[in-house]
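Source file: structure_26.cif. Holds: mmCIF, C-alpha atoms and all ligand atoms.
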```
data_my_file
loop_
_atom_site.label_atom_id
_atom_site.label_comp_id
_atom_site.auth_asym_id
_atom_site.auth_seq_id
_atom_site.Cartn_x
_atom_site.Cartn_y
_atom_site.Cartn_z
CA MET E 1 -36.75 -2.20 41.52
CA LYS E 2 -38.50 0.39 39.34
CA ARG E 3 -36.29 3.10 40.85
CA ILE E 4 -33.09 1.16 40.08
CA LEU E 5 -34.20 0.60 36.48
CA LEU E 6 -34.97 4.31 36.07
CA LEU E 7 -31.56 5.21 37.46
CA LEU E 8 -29.85 2.80 35.03
CA ILE E 9 -31.76 4.25 32.07
CA LEU E 10 -30.78 7.77 33.12
CA LEU E 11 -27.10 6.85 33.55
CA LEU E 12 -26.74 4.91 30.27
CA PRO E 13 -26.40 7.82 27.81
CA VAL E 14 -24.04 9.64 30.20
CA THR E 15 -21.77 6.58 30.45
CA SER E 16 -21.58 6.04 26.69
CA TRP E 17 -21.06 9.78 26.06
CA ALA E 18 -18.17 9.86 28.56
CA ALA E 19 -16.45 6.91 26.87
CA SER E 20 -16.71 8.19 23.31
CA TYR E 21 -14.29 10.64 21.73
CA GLN E 22 -13.72 12.43 18.46
CA GLN E 23 -10.89 12.37 15.97
CA ILE E 24 -10.11 13.48 12.42
CA VAL E 25 -9.81 10.55 10.03
CA ALA E 26 -8.44 10.65 6.47
CA THR E 27 -10.90 8.21 4.90
CA LYS E 28 -8.66 7.82 1.80
CA PHE E 29 -5.62 9.56 0.32
CA GLY E 30 -6.61 12.78 -1.42
CA ASP E 31 -7.38 16.48 -1.03
CA ALA E 32 -8.47 18.13 2.24
CA ASP E 33 -12.08 16.94 1.82
CA VAL E 34 -11.05 13.42 2.87
CA LEU E 35 -10.54 14.70 6.45
CA THR E 36 -13.67 13.69 8.37
CA LEU E 37 -14.64 14.21 12.02
CA VAL E 38 -15.46 10.75 13.41
CA THR E 39 -16.85 9.76 16.83
CA GLN E 40 -15.20 6.64 18.24
CA PRO E 41 -17.40 4.66 20.66
CA SER E 42 -14.84 3.89 23.40
CA LEU E 43 -11.56 5.31 24.66
CA PRO E 44 -8.30 3.60 23.55
CA GLU E 45 -6.62 1.51 26.28
CA PRO E 46 -2.86 1.70 26.96
CA SER E 47 -0.87 -1.57 26.87
CA ALA E 48 2.34 -2.25 28.81
CA GLY E 49 4.77 0.67 28.53
CA GLU E 50 2.09 2.99 27.12
CA VAL E 51 0.04 5.90 28.47
CA ARG E 52 -3.25 7.38 27.38
CA ILE E 53 -3.16 11.14 26.76
CA ARG E 54 -6.06 13.58 26.71
CA VAL E 55 -4.92 15.81 23.86
CA LEU E 56 -5.00 19.59 24.37
CA THR E 57 -3.35 20.81 21.15
CA ALA E 58 -1.96 19.38 17.92
CA SER E 59 -0.27 21.26 15.11
CA ALA E 60 -1.27 21.30 11.45
CA SER E 61 1.82 21.11 9.24
CA PHE E 62 2.85 20.63 5.63
CA THR E 63 4.05 17.15 6.56
CA ASP E 64 0.47 16.27 7.60
CA VAL E 65 -0.60 17.34 4.10
CA MET E 66 1.93 14.85 2.69
CA VAL E 67 0.60 12.10 4.97
CA ARG E 68 -2.96 12.91 3.82
CA LYS E 69 -1.91 12.72 0.17
CA GLY E 70 -0.16 9.37 0.63
CA MET E 71 3.25 10.89 -0.09
CA TYR E 72 4.89 10.31 3.26
CA GLY E 73 6.86 7.13 3.86
CA GLY E 74 6.56 7.08 7.66
CA ALA E 75 2.72 6.91 7.82
CA PRO E 76 0.53 3.78 7.74
CA ALA E 77 0.49 2.24 4.27
CA GLU E 78 -3.27 2.60 3.76
CA PRO E 79 -6.12 4.78 5.09
CA PRO E 80 -8.23 5.15 7.12
CA LEU E 81 -5.64 6.98 9.17
CA VAL E 82 -5.53 9.79 11.72
CA PRO E 83 -3.00 12.48 10.71
CA GLY E 84 -1.15 14.72 13.16
CA TYR E 85 2.62 14.86 13.63
CA ASP E 86 2.76 16.26 17.18
CA LEU E 87 0.67 16.87 20.27
CA VAL E 88 0.57 18.32 23.77
CA GLY E 89 -1.76 16.73 26.31
CA ILE E 90 -2.43 15.52 29.84
CA VAL E 91 -1.53 12.00 30.94
CA ASP E 92 -4.91 10.39 31.57
CA LYS E 93 -4.20 6.69 32.22
CA LEU E 94 -1.07 4.56 32.73
CA GLY E 95 -0.66 1.13 31.16
CA PRO E 96 1.03 -1.70 33.08
CA ARG E 97 4.71 -1.25 34.00
CA VAL E 98 4.81 2.47 33.28
CA THR E 99 7.19 4.57 35.34
CA GLY E 100 8.50 8.12 35.08
CA VAL E 101 5.21 9.95 34.40
CA GLU E 102 2.16 10.71 36.52
CA ILE E 103 -1.53 11.04 35.79
CA GLY E 104 -2.29 14.73 35.31
CA GLN E 105 1.19 15.57 33.98
CA ARG E 106 1.42 17.72 30.81
CA VAL E 107 3.54 16.12 28.10
CA ALA E 108 4.60 16.55 24.46
CA ALA E 109 5.00 13.84 21.80
CA LEU E 110 6.19 13.61 18.21
CA THR E 111 3.60 11.14 16.96
CA VAL E 112 4.34 11.37 13.17
CA TRP E 113 0.69 10.45 12.60
CA GLY E 114 -2.28 10.09 14.98
CA ALA E 115 -2.36 13.45 16.83
CA TYR E 116 -5.68 14.83 15.44
CA THR E 117 -7.66 13.13 18.19
CA GLU E 118 -9.12 13.82 21.63
CA TYR E 119 -7.40 10.75 23.12
CA ALA E 120 -4.15 9.13 22.02
CA VAL E 121 -2.11 6.21 23.31
CA ARG E 122 1.69 6.63 23.12
CA PRO E 123 4.77 4.79 24.41
CA VAL E 124 5.96 6.43 27.62
CA THR E 125 9.52 6.61 26.21
CA GLU E 126 8.28 9.08 23.60
CA LEU E 127 7.04 11.71 26.06
CA VAL E 128 8.79 14.97 26.96
CA PRO E 129 7.47 16.94 29.98
CA VAL E 130 6.13 20.42 29.21
CA PRO E 131 7.26 22.99 31.80
CA GLU E 132 4.96 25.34 33.72
CA GLY E 133 4.82 28.79 32.20
CA LEU E 134 4.56 27.55 28.62
CA GLY E 135 1.10 27.55 26.99
CA ASP E 136 -0.34 24.47 25.24
CA GLU E 137 -0.37 26.32 21.92
CA ALA E 138 3.21 27.60 22.10
CA ALA E 139 4.46 24.21 23.30
CA VAL E 140 2.96 22.25 20.40
CA ALA E 141 4.30 24.76 17.87
CA LEU E 142 7.83 23.92 19.06
CA ILE E 143 7.76 20.14 18.59
CA LEU E 144 8.07 19.31 14.87
CA SER E 145 9.15 22.58 13.27
CA TYR E 146 11.49 23.95 15.95
CA THR E 147 13.15 20.62 16.72
CA THR E 148 13.79 20.22 12.98
CA ALA E 149 15.30 23.71 12.82
CA TYR E 150 17.32 23.28 16.03
CA GLN E 151 18.80 19.92 15.06
CA MET E 152 19.68 21.09 11.53
CA LEU E 153 21.45 24.15 12.95
CA HIS E 154 23.21 22.53 15.90
CA ARG E 155 23.43 18.76 15.27
CA VAL E 156 23.99 18.77 11.48
CA ALA E 157 25.54 22.11 10.44
CA GLN E 158 26.98 22.87 13.92
CA VAL E 159 26.82 26.62 13.28
CA THR E 160 28.97 29.11 15.17
CA PRO E 161 28.25 32.78 15.92
CA GLY E 162 29.01 35.13 13.03
CA GLN E 163 28.28 32.56 10.31
CA SER E 164 25.77 33.25 7.53
CA ILE E 165 22.84 31.08 6.46
CA LEU E 166 20.32 31.00 3.61
CA ILE E 167 16.81 29.85 4.60
CA HIS E 168 14.38 28.80 1.87
CA GLY E 169 10.66 29.03 2.66
CA ALA E 170 11.64 31.42 5.45
CA SER E 171 8.01 32.43 6.14
CA GLY E 172 6.96 28.81 6.75
CA ALA E 173 6.85 26.79 9.95
CA VAL E 174 10.43 25.46 9.75
CA GLY E 175 11.68 28.68 8.10
CA THR E 176 10.46 30.95 10.91
CA ALA E 177 11.93 28.52 13.45
CA LEU E 178 15.31 28.66 11.67
CA ALA E 179 15.08 32.47 11.68
CA GLN E 180 14.38 32.71 15.42
CA LEU E 181 16.97 30.13 16.41
CA GLY E 182 19.47 31.66 13.97
CA ARG E 183 19.09 35.00 15.73
CA VAL E 184 19.69 33.33 19.13
CA ALA E 185 22.81 31.65 17.65
CA GLY E 186 24.20 34.99 16.40
CA LEU E 187 23.96 34.22 12.67
CA THR E 188 23.53 36.51 9.67
CA MET E 189 20.39 35.35 7.90
CA LEU E 190 19.19 35.57 4.31
CA GLY E 191 15.84 34.04 3.36
CA THR E 192 13.53 33.45 0.42
CA ALA E 193 9.76 34.02 0.31
CA SER E 194 7.10 35.23 -2.10
CA THR E 195 6.53 38.94 -2.68
CA ARG E 196 3.73 39.40 -0.11
CA LYS E 197 5.87 38.00 2.73
CA GLN E 198 9.00 40.15 2.25
CA GLY E 199 8.10 42.54 5.11
CA TYR E 200 7.36 39.60 7.40
CA LEU E 201 10.84 38.15 6.76
CA ARG E 202 12.47 41.48 7.58
CA SER E 203 10.48 41.60 10.87
CA LEU E 204 12.17 38.27 11.76
CA GLY E 205 15.62 39.79 11.20
CA VAL E 206 16.10 38.06 7.82
CA GLN E 207 17.46 39.79 4.70
CA ALA E 208 14.57 39.05 2.35
CA ILE E 209 14.94 37.64 -1.17
CA ASP E 210 11.83 37.52 -3.38
CA TYR E 211 12.07 34.16 -5.15
CA LYS E 212 9.22 35.19 -7.48
CA THR E 213 11.09 38.18 -8.95
CA GLU E 214 14.78 37.68 -8.11
CA ASP E 215 17.40 35.04 -8.89
CA PHE E 216 18.27 33.89 -5.37
CA VAL E 217 21.77 32.71 -6.33
CA SER E 218 22.95 36.08 -7.66
CA ARG E 219 21.06 37.98 -4.94
CA THR E 220 22.77 35.88 -2.23
CA ARG E 221 26.16 36.59 -3.85
CA GLN E 222 25.31 40.30 -3.89
CA LEU E 223 24.13 40.41 -0.26
CA THR E 224 27.25 38.53 0.94
CA GLU E 225 29.66 40.65 -1.19
CA ASP E 226 30.35 37.59 -3.33
CA ARG E 227 31.47 35.43 -0.40
CA GLY E 228 28.46 33.10 -0.32
CA VAL E 229 26.86 31.61 2.79
CA ASP E 230 28.18 29.04 5.26
CA VAL E 231 25.00 26.95 5.26
CA ALA E 232 21.87 26.77 3.07
CA PHE E 233 18.67 25.04 4.28
CA ASP E 234 16.50 23.77 1.44
CA ALA E 235 13.25 21.75 1.37
CA ILE E 236 11.93 23.27 -1.86
CA GLY E 237 12.85 20.72 -4.52
CA LEU E 238 15.27 19.15 -6.90
CA ASP E 239 16.36 22.12 -9.07
CA ASN E 240 16.51 24.36 -6.04
CA PHE E 241 19.03 22.03 -4.33
CA LYS E 242 21.58 22.48 -7.11
CA ARG E 243 21.13 26.24 -7.13
CA SER E 244 21.40 26.45 -3.34
CA TYR E 245 24.71 24.59 -3.60
CA GLU E 246 25.97 27.47 -5.77
CA THR E 247 25.28 29.97 -2.96
CA LEU E 248 27.77 28.27 -0.60
CA LYS E 249 31.21 29.63 0.22
CA PRO E 250 34.16 27.17 0.06
CA GLY E 251 33.67 24.60 2.85
CA GLY E 252 29.97 25.47 3.08
CA GLU E 253 27.18 22.94 3.62
CA LEU E 254 23.77 22.40 2.02
CA VAL E 255 21.19 20.82 4.36
CA ILE E 256 18.30 19.21 2.46
CA TYR E 257 15.21 18.26 4.43
CA GLY E 258 12.20 17.86 2.11
CA LEU E 259 10.57 18.22 -1.28
CA TYR E 260 7.99 20.94 -0.76
CA THR E 261 7.31 22.12 -4.32
CA ALA E 262 7.60 18.65 -5.85
CA THR E 263 5.01 17.39 -3.37
CA LEU E 264 2.58 20.16 -4.31
CA GLN E 265 3.13 19.43 -8.00
CA GLY E 266 2.54 15.74 -7.32
CA GLU E 267 -1.20 16.13 -7.76
CA ALA E 268 -1.23 18.52 -10.68
CA GLY E 269 1.93 17.56 -12.52
CA GLY E 270 1.94 13.79 -12.13
CA THR E 271 5.26 13.71 -10.28
CA GLY E 272 3.82 11.77 -7.35
CA SER E 273 5.88 8.65 -8.01
CA LEU E 274 9.05 10.75 -8.19
CA VAL E 275 8.18 12.31 -4.84
CA ARG E 276 7.49 8.92 -3.28
CA GLU E 277 10.77 7.60 -4.65
CA PHE E 278 12.74 10.37 -3.00
CA LEU E 279 10.66 10.28 0.14
CA GLY E 280 11.53 6.58 0.23
CA PHE E 281 14.88 8.09 1.20
CA LYS E 282 17.04 7.39 -1.81
CA TRP E 283 18.80 10.50 -0.66
CA GLN E 284 22.31 9.12 -0.40
CA GLN E 285 22.32 8.35 -4.10
CA LEU E 286 20.92 11.79 -4.87
CA LEU E 287 23.64 13.48 -2.87
CA TRP E 288 26.51 11.44 -4.31
CA ASN E 289 25.41 11.86 -7.92
CA TRP E 290 24.51 15.50 -7.87
CA PHE E 291 27.18 17.37 -6.06
CA PRO E 292 30.85 17.54 -7.11
CA SER E 293 33.57 16.89 -4.54
CA ASP E 294 34.78 20.47 -4.32
CA GLY E 295 35.19 21.06 -0.60
CA LYS E 296 31.52 21.92 -0.10
CA SER E 297 29.14 19.30 1.26
CA ALA E 298 25.50 18.27 1.27
CA ALA E 299 23.61 16.45 4.03
CA PHE E 300 20.07 15.17 4.42
CA TYR E 301 18.12 15.67 7.63
CA SER E 302 15.06 13.70 8.79
CA ILE E 303 13.62 14.27 12.26
CA THR E 304 12.43 10.66 12.55
CA ASP E 305 15.76 9.19 11.42
CA MET E 306 17.63 11.38 13.91
CA ARG E 307 15.22 10.46 16.70
CA ASP E 308 15.63 6.75 15.91
CA GLU E 309 19.41 7.09 16.01
CA HIS E 310 19.60 9.50 18.97
CA PRO E 311 16.40 9.43 21.07
CA ASP E 312 18.29 11.21 23.85
CA TRP E 313 19.02 14.16 21.51
CA PHE E 314 15.32 14.49 20.70
CA HIS E 315 14.42 14.75 24.40
CA GLU E 316 17.33 17.08 25.15
CA ASP E 317 16.71 19.39 22.19
CA LEU E 318 12.95 19.71 22.72
CA SER E 319 13.54 20.44 26.42
CA THR E 320 16.07 23.13 25.42
CA LEU E 321 13.47 24.67 23.09
CA PHE E 322 10.86 24.67 25.88
CA ASP E 323 13.37 26.41 28.16
CA LEU E 324 14.22 29.01 25.48
CA ALA E 325 10.50 29.77 25.06
CA VAL E 326 9.88 30.03 28.82
CA ALA E 327 12.86 32.42 29.05
CA GLY E 328 11.39 34.55 26.23
CA GLU E 329 14.38 33.96 23.91
CA ILE E 330 12.09 32.56 21.22
CA THR E 331 8.39 33.13 20.53
CA PRO E 332 6.75 30.44 18.38
CA GLN E 333 5.16 32.07 15.35
CA ILE E 334 1.50 31.02 15.49
CA TRP E 335 -0.55 32.27 12.55
CA GLN E 336 -3.92 30.92 13.72
CA VAL E 337 -5.44 28.65 16.36
CA MET E 338 -8.34 26.61 14.92
CA PRO E 339 -10.61 23.96 16.46
CA LEU E 340 -9.83 20.31 15.65
CA SER E 341 -13.07 20.12 13.64
CA GLU E 342 -11.55 22.62 11.16
CA ALA E 343 -8.52 20.50 10.30
CA ALA E 344 -9.52 20.41 6.61
CA ALA E 345 -9.62 24.23 6.46
CA ALA E 346 -6.20 24.33 8.16
CA HIS E 347 -4.77 22.04 5.48
CA ARG E 348 -6.21 24.25 2.73
CA HIS E 349 -4.53 27.33 4.26
CA ILE E 350 -1.20 25.47 4.27
CA GLU E 351 -1.56 24.36 0.64
CA ASP E 352 -2.60 27.89 -0.39
CA ARG E 353 0.67 29.14 1.19
CA ALA E 354 -1.37 31.62 3.24
CA VAL E 355 0.29 30.70 6.54
CA LYS E 356 3.12 32.62 8.20
CA GLY E 357 4.62 30.29 10.80
CA LYS E 358 2.31 27.67 12.24
CA ILE E 359 -1.35 26.65 12.57
CA VAL E 360 -2.29 25.12 15.93
CA LEU E 361 -5.37 22.93 16.36
CA ARG E 362 -7.15 23.30 19.71
CA VAL E 363 -8.40 19.84 20.61
CA SER E 364 -9.65 20.30 24.20
CA ARG E 365 -9.09 22.48 27.27
N1 LIG Q 401 13.04 16.37 7.12
C1 LIG Q 401 12.30 16.65 8.18
O1 LIG Q 401 12.49 16.08 9.24
C2 LIG Q 401 11.23 17.69 8.06
C3 LIG Q 401 10.63 18.24 9.20
C4 LIG Q 401 9.66 19.23 9.05
C5 LIG Q 401 9.29 19.64 7.77
N2 LIG Q 401 9.86 19.06 6.68
C6 LIG Q 401 9.53 19.49 5.29
O2 LIG Q 401 9.93 20.84 5.14
C7 LIG Q 401 9.12 21.47 4.15
C8 LIG Q 401 8.59 22.79 4.71
O3 LIG Q 401 7.76 22.51 5.82
P1 LIG Q 401 7.00 23.67 6.57
O4 LIG Q 401 6.19 23.03 7.63
O5 LIG Q 401 7.93 24.77 6.94
O6 LIG Q 401 6.03 24.18 5.39
P2 LIG Q 401 5.17 25.52 5.32
O7 LIG Q 401 4.90 26.04 6.69
O8 LIG Q 401 4.00 25.21 4.45
O9 LIG Q 401 6.12 26.58 4.62
C9 LIG Q 401 6.68 26.43 3.35
C10 LIG Q 401 6.71 27.82 2.69
O10 LIG Q 401 7.62 27.79 1.59
C11 LIG Q 401 7.28 28.89 0.75
N3 LIG Q 401 7.70 28.55 -0.63
C12 LIG Q 401 7.03 27.86 -1.58
N4 LIG Q 401 7.77 27.74 -2.70
C13 LIG Q 401 8.93 28.36 -2.45
C14 LIG Q 401 10.11 28.56 -3.23
N5 LIG Q 401 10.23 28.11 -4.48
N6 LIG Q 401 11.15 29.23 -2.65
C15 LIG Q 401 11.05 29.69 -1.39
N7 LIG Q 401 9.95 29.53 -0.61
C16 LIG Q 401 8.92 28.87 -1.14
C17 LIG Q 401 5.77 29.08 0.86
O11 LIG Q 401 5.47 30.46 1.13
P3 LIG Q 401 5.58 31.57 -0.04
O12 LIG Q 401 5.58 30.85 -1.35
O13 LIG Q 401 4.38 32.46 0.11
O14 LIG Q 401 6.86 32.28 0.25
C18 LIG Q 401 5.37 28.22 2.08
O15 LIG Q 401 4.57 28.91 3.00
C19 LIG Q 401 8.02 20.46 3.80
O16 LIG Q 401 8.42 19.77 2.62
C20 LIG Q 401 8.04 19.51 4.99
O17 LIG Q 401 7.55 18.23 4.68
C21 LIG Q 401 10.84 18.10 6.79
#
```
Would you mind writing the file's structure down as structure tokens?
Amino acid sequence: MKRILLLLILLLPVTSWAASYQQIVATKFGDADVLTLVTQPSLPEPSAGEVRIRVLTASASFTDVMVRKGMYGGAPAEPPLVPGYDLVGIVDKLGPRVTGVEIGQRVAALTVWGAYTEYAVRPVTELVPVPEGLGDEAAVALILSYTTAYQMLHRVAQVTPGQSILIHGASGAVGTALAQLGRVAGLTMLGTASTRKQGYLRSLGVQAIDYKTEDFVSRTRQLTEDRGVDVAFDAIGLDNFKRSYETLKPGGELVIYGLYTATLQGEAGGTGSLVREFLGFKWQQLLWNWFPSDGKSAAFYSITDMRDEHPDWFHEDLSTLFDLAVAGEITPQIWQVMPLSEAAAAHRHIEDRAVKGKIVLRVSR
């Protein structure tokens, strides 16, 4: 009897340790300090149609910063919340009535929030298999930023070889993805970035425009011998949209996909409610009121809206991106890999605009 008791006492801490897991929780909306590493006492259990995933990598993105600040419409209304727009992990447990995946399989998911965690539960319909030959870090870097870039190029603008594009924020996560995929699509590329990133843009095959010292409208005109570009991609902000529209050639298209600068100013400049209003997707009104009917056009892209409307496109496009990476046609631009526990530092790097490409969070191995 004594022996059995001793054995139980010895096993107890091991059992509770094995069932606990860690995640990053935003305790309230605010700056990066609100991100806290929390130990949860027991693993989440998958319900019908769901699987549990042991997370290997997540990415840190500007959109996570918006979720953390309470400026993103698609996240839970109130904290505490776990940020993290995308993840790669191993299927760890199947809920009832799950078919099509196996325990041990490596999968990718666009979670929107909830990826900064060692274990996540997701609907099986959301998962995309990750092929052999693609690393966990490269794979996660492709989910949010590259799918956004790919769908804007091929689903919205439907670019053809030889066309020209203007990429704003070309050193960022989506910008570098547009640059790499634009090269694969045979496009001529112009891009804006701050002074210190001009050389980096050129290394991506982009004709660099310094938005700090140059007027990007006249510089685009000059670089295209006054023709303008076929498509401009802009997530910078309200004034920028109108100016980007001026860079288009007749029949050209402006693709709007975010409010980067306005979001950053939200804290300092008190424009938070404006940002929330637009991120509440009053985009149609914005587009109709702002742009004259002159043969050019403007469209708004949202990865979640497109996935809701065309889930099959999301699966197809992410699989295409995985294949392009395995074939060496694209190489995800990863600026740094940081441990999950350093998520707050990753967010600060993003807000300081230090990043070129993407930050990946290593969650487990
Ligand atoms: N609609 C969607 O589905 C979707 C999907 C993904 C992302 N987004 C949005 O897209 C935006 C960009 O995301 P991201 O992940 O690429 O961000 P990111 O990696 O932080 O890159 C943005 C970059 O833009 C540059 N920048 C800042 N002000 C600029 C200006 N006035 N002109 C040109 N460049 C400027 C900054 O670098 P420098 O200032 O040093 O050049 C910054 O690094 C965010 O608003 C995000 O929420 C939307």
Worksheet entry | Near-stretch 81-97 of chain E list (7 Å; only C-alpha atoms; drop same-chain fewer than 2 positions) as a ChimeraX atom specification | /E:24-27,46-60,64,67-68,79,99,102-116,136,140,143-144
Could you write out the selected residues, including C-alpha atoms, as a PDB file, in the frame of the given file?
```pdb
ATOM      1  CA  ILE E  24     -10.110  13.480  12.420  1.00  0.00           C
ATOM      2  CA  VAL E  25      -9.810  10.550  10.030  1.00  0.00           C
ATOM      3  CA  ALA E  26      -8.440  10.650   6.470  1.00  0.00           C
ATOM      4  CA  THR E  27     -10.900   8.210   4.900  1.00  0.00           C
ATOM      5  CA  PRO E  46      -2.860   1.700  26.960  1.00  0.00           C
ATOM      6  CA  SER E  47      -0.870  -1.570  26.870  1.00  0.00           C
ATOM      7  CA  ALA E  48       2.340  -2.250  28.810  1.00  0.00           C
ATOM      8  CA  GLY E  49       4.770   0.670  28.530  1.00  0.00           C
ATOM      9  CA  GLU E  50       2.090   2.990  27.120  1.00  0.00           C
ATOM     10  CA  VAL E  51       0.040   5.900  28.470  1.00  0.00           C
ATOM     11  CA  ARG E  52      -3.250   7.380  27.380  1.00  0.00           C
ATOM     12  CA  ILE E  53      -3.160  11.140  26.760  1.00  0.00           C
ATOM     13  CA  ARG E  54      -6.060  13.580  26.710  1.00  0.00           C
ATOM     14  CA  VAL E  55      -4.920  15.810  23.860  1.00  0.00           C
ATOM     15  CA  LEU E  56      -5.000  19.590  24.370  1.00  0.00           C
ATOM     16  CA  THR E  57      -3.350  20.810  21.150  1.00  0.00           C
ATOM     17  CA  ALA E  58      -1.960  19.380  17.920  1.00  0.00           C
ATOM     18  CA  SER E  59      -0.270  21.260  15.110  1.00  0.00           C
ATOM     19  CA  ALA E  60      -1.270  21.300  11.450  1.00  0.00           C
ATOM     20  CA  ASP E  64       0.470  16.270   7.600  1.00  0.00           C
ATOM     21  CA  VAL E  67       0.600  12.100   4.970  1.00  0.00           C
ATOM     22  CA  ARG E  68      -2.960  12.910   3.820  1.00  0.00           C
ATOM     23  CA  PRO E  79      -6.120   4.780   5.090  1.00  0.00           C
ATOM     24  CA  THR E  99       7.190   4.570  35.340  1.00  0.00           C
ATOM     25  CA  GLU E 102       2.160  10.710  36.520  1.00  0.00           C
ATOM     26  CA  ILE E 103      -1.530  11.040  35.790  1.00  0.00           C
ATOM     27  CA  GLY E 104      -2.290  14.730  35.310  1.00  0.00           C
ATOM     28  CA  GLN E 105       1.190  15.570  33.980  1.00  0.00           C
ATOM     29  CA  ARG E 106       1.420  17.720  30.810  1.00  0.00           C
ATOM     30  CA  VAL E 107       3.540  16.120  28.100  1.00  0.00           C
ATOM     31  CA  ALA E 108       4.600  16.550  24.460  1.00  0.00           C
ATOM     32  CA  ALA E 109       5.000  13.840  21.800  1.00  0.00           C
ATOM     33  CA  LEU E 110       6.190  13.610  18.210  1.00  0.00           C
ATOM     34  CA  THR E 111       3.600  11.140  16.960  1.00  0.00           C
ATOM     35  CA  VAL E 112       4.340  11.370  13.170  1.00  0.00           C
ATOM     36  CA  TRP E 113       0.690  10.450  12.600  1.00  0.00           C
ATOM     37  CA  GLY E 114      -2.280  10.090  14.980  1.00  0.00           C
ATOM     38  CA  ALA E 115      -2.360  13.450  16.830  1.00  0.00           C
ATOM     39  CA  TYR E 116      -5.680  14.830  15.440  1.00  0.00           C
ATOM     40  CA  ASP E 136      -0.340  24.470  25.240  1.00  0.00           C
ATOM     41  CA  VAL E 140       2.960  22.250  20.400  1.00  0.00           C
ATOM     42  CA  ILE E 143       7.760  20.140  18.590  1.00  0.00           C
ATOM     43  CA  LEU E 144       8.070  19.310  14.870  1.00  0.00           C
TER      44      LEU E 144
END
```
Worksheet item: What residues have any atom no more than 6 Å from ligand LIG 401 (chain Q) when counting all atoms listed in the file, and can you list them as a ChimeraX atom specification?
Response: /E:61-63,145,148,168-169,171-175,192-194,211,235-236,257-261,301-303,350,353,355,357
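Between atom CA of E:Val337 and atom CA of E:Thr39 there is a distance of 22.1 Å.
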Worksheet entry | Pairwise distance for atom CA of E:Gly191 and atom CA of E:Met71, rounded to one decimal in Å |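 It comes out at 26.6 Å.
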Practice prompt. State, in Å with one decimal place, the distance from atom CA of E:Gly73 to atom CA of E:Ile167.
Written response: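 Separation of atom CA of E:Gly73 and atom CA of E:Ile167: 24.8 Å.
Between E:Glu253 and the candidates E:Ile359, E:Val159, E:Leu238, E:Ala344, the tightest atom-to-atom separation, counting only C-alpha atoms, involves E:Val159.
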Worksheet entry | Closest of E:Val98, E:Ile209, E:Leu204, E:Ala299 to E:Phe241 - atom-to-atom distances counting only C-alpha atoms |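 Using only C-alpha atoms, the shortest distance to E:Phe241 belongs to E:Ala299.
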Fill in: Residues within 10 Å of stretch 320-329 of chain E, all atoms listed in the file, excluding chain neighbours under 4 positions, as a ChimeraX atom specification
/E:128-135,138-140,142-143,146-147,150,180-181,183-184,314-316
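Restricting the calculation to only C-alpha atoms, the smallest distance between E:Lys69 and any of E:Asp317, E:Arg219, E:Leu264, E:Thr188 is found for E:Leu264.
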